[in-house]
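Participant: Right, I'll just put the structure down here and ask away after.
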Amino acid sequence: MSERIAIIGGGKIGEALLAGLINAGKPVKDLVVVERSTTRAAEIADDYGVRVTQDGRDAAESAQVVFLAVKPDAVESVLRDLARADDDGETERITVSLVAGIPTSRYEAALPAGSPVIRVMPNTPMLVNEAMSAISGGRYADEEQVEVAVRLMESVGRVMVVPEKQMDAVTAISGSGPAYFFLLVEALTDAGVGLGLTRAQALELATQTIKGAGALLSESGATPVELRAAVTSPGGTTAAALREFERYGLRHAVNEAARAAAEFSKQAARRVDVEGSRAGISTAAERAEDDH
Ligand SMILES: NC(=O)C1=CN([C@@H]2O[C@H](COP(=O)(O)OP(=O)(O)OC[C@H]3O[C@@H](n4cnc5c(N)ncnc54)[C@H](O)[C@@H]3O)[C@@H](O)[C@H]2O)C=CC1
Ligand SMILES: O=C(O)[C@@H]1CCC=N1
């Protein structure tokens, strides 16, 4: 089935999804992007030849699957547009959120009763069809609807279906994860420059090394421990380096970093409420209270 797709938010992850879907053969005519910033909208339209609009309701009405790729604090206003969008009468519209930390129950409370909502945590390698995406169906999403999301995300990378309670952990590992590896490449490049390589040389060495190590890990079937042992010649250079990583607490730093990311994700909904009430915006929960 070639469903029509709306992507609300044409920022980093919205663009990665758009590019990944187009690379995977999705016809541009089946895609529409909703982007609030006019500069960004023009960039997306020029780079991908896709329709870009500021009208979320209109875009949703023309789509069977609506992806939300805005920051958590913009979710409520997007949901207000989506709640007013009519169905096309043929198929039930599926709302797929890529937003970190906001549970499906939030969307379900704001959308018409029984709307199917699916939560996805992708990552930016989606831009080159190498995403790792985790998927959880909300309470009204049936198996077929989850399968639609799985199929779309599989076209841009790998997919793991998880219970929603694992989403904060997933976000800390694969959602934010690319940034950790880029930081490591940055640091390794700087180290190479410190050892007398040119920056270009050091960057190429580090980049191909992370790419090769990733390929080896995913294709060899060996564990990271086995692969590391294979690099570590007895009494050699790698052992000298690994000793320093351990001395400076790399494992501890990684553990603390992941815990911080997961906690930040867990607190996202509460943060949005606090910031919203400071700005005088009522939350879905408060509006539901007012209605009673
Ligand atoms: N960047 C990443 O690697 C990942 C991001 N995410 C999630 O994706 C969401 C977006 O993140 P980024 O793309 O990094 O942020 P971003 O700031 O690059 O993109 C957000 C875009 O949404 C637009 N926008 C804001 N309000 C809007 C509205 N009402 N209608 C239409 N467009 C609107 C902004 O102009 C901006 O271009 C976040 O919720 C984040 O948690 C999830 C996985 C990975
Ligand atoms: O930094 C963030 O909040 C988003 C979610 C996962 C990756 N980027």
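Letters A, B, ... mark the chains of the structure tokens in the order given; residue numbers begin at 1 per chain; ligand numbers begin at 1, in order shown.
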Within 7 Å of ligand 2 (counting only C-alpha atoms and all ligand atoms), which residues show up? I'd like them as an NGL selection string.
Facilitator: :A and (100 or 123 or 171 or 175-176)
Participant: For ligand 1, collect every residue having any atom at a distance of at most 6 Å from a ligand atom (counting only C-alpha atoms and all ligand atoms); output as a PyMOL selection string.
Facilitator: chain A and resi 8-14+34-37+69-72+74+78+98-100+121-124+175
Participant: In range 129-251 of chain A, what's helix (DSSP H, G or I) per DSSP? Answer as number ranges by chain?
Facilitator: A: 143-154, 164-175, 177-194, 199-220, 224-231, 237-247, 250-251
Participant: Can you list every residue in range 106-203 of chain A that DSSP puts in strand (DSSP E or B), as an MDAnalysis selection string?
Facilitator: chainID A and resid 117:121 131:137 157:161
Participant: Using N, CA and C atoms, can you write the selected residues to a file as a tab-separated table (two decimals), in the first residue's frame?
Facilitator:
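What ended up in result_13.tsv:
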```
chain	number	residue	atom	x	y	z
A	117	VAL	N	-2.55	5.66	17.84
A	117	VAL	CA	-1.31	6.42	18.02
A	117	VAL	C	-0.17	5.42	18.19
A	118	ILE	N	0.93	5.71	17.53
A	118	ILE	CA	2.11	4.83	17.63
A	118	ILE	C	3.31	5.71	17.95
A	119	ARG	N	4.14	5.21	18.85
A	119	ARG	CA	5.33	5.98	19.22
A	119	ARG	C	6.55	5.32	18.59
A	120	VAL	N	7.40	6.13	17.99
A	120	VAL	CA	8.62	5.62	17.36
A	120	VAL	C	9.80	6.42	17.87
A	121	MET	N	10.87	5.77	18.22
A	121	MET	CA	12.11	6.48	18.51
A	121	MET	C	13.13	6.08	17.44
A	131	ALA	N	18.73	3.74	9.96
A	131	ALA	CA	18.16	4.08	11.27
A	131	ALA	C	18.09	2.86	12.17
A	132	MET	N	18.06	3.11	13.46
A	132	MET	CA	17.58	2.12	14.42
A	132	MET	C	16.34	2.74	15.02
A	133	SER	N	15.20	2.11	14.80
A	133	SER	CA	13.94	2.64	15.32
A	133	SER	C	13.30	1.65	16.26
A	134	ALA	N	12.83	2.16	17.40
A	134	ALA	CA	12.01	1.34	18.29
A	134	ALA	C	10.57	1.81	18.14
A	135	ILE	N	9.64	0.85	18.21
A	135	ILE	CA	8.23	1.16	17.97
A	135	ILE	C	7.35	0.57	19.08
A	136	SER	N	6.41	1.40	19.56
A	136	SER	CA	5.40	0.91	20.51
A	136	SER	C	4.03	1.38	20.05
A	137	GLY	N	3.08	0.48	20.03
A	137	GLY	CA	1.70	0.87	19.70
A	137	GLY	C	1.00	1.39	20.94
A	157	GLY	N	15.61	1.66	7.74
A	157	GLY	CA	16.58	1.08	8.67
A	157	GLY	C	16.02	-0.13	9.39
A	158	ARG	N	16.58	-0.41	10.56
A	158	ARG	CA	16.13	-1.56	11.36
A	158	ARG	C	15.06	-1.13	12.36
A	159	VAL	N	14.25	-2.11	12.77
A	159	VAL	CA	13.14	-1.82	13.68
A	159	VAL	C	13.12	-2.83	14.83
A	160	MET	N	12.82	-2.33	16.03
A	160	MET	CA	12.60	-3.21	17.18
A	160	MET	C	11.27	-2.79	17.80
A	161	VAL	N	10.36	-3.74	17.97
A	161	VAL	CA	9.09	-3.41	18.63
A	161	VAL	C	9.30	-3.60	20.13
```
Participant: With only C-alpha atoms as the atoms that count, which of A:Val185, A:Asp190, A:Glu226, A:Leu195 lies nearest to Lys211 in chain A?
Facilitator: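 Closest to Lys211 in chain A of all the choices is A:Val185.
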Participant: Go through A:Glu164, A:Glu92, A:Glu154, A:Asp30 one by one, measure the shortest atom-to-atom distance of each to Ile7 in chain A using only C-alpha atoms, and give the residue with the smallest value.
Facilitator: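 Between A:Glu164, A:Glu92, A:Glu154, A:Asp30, the residue approaching Ile7 in chain A most closely is A:Asp30.
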Participant: So how far away is CA of Arg259 in chain A from CA of Thr207 in chain A, in Å?
Facilitator: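 A separation of 26.7 Å between them.
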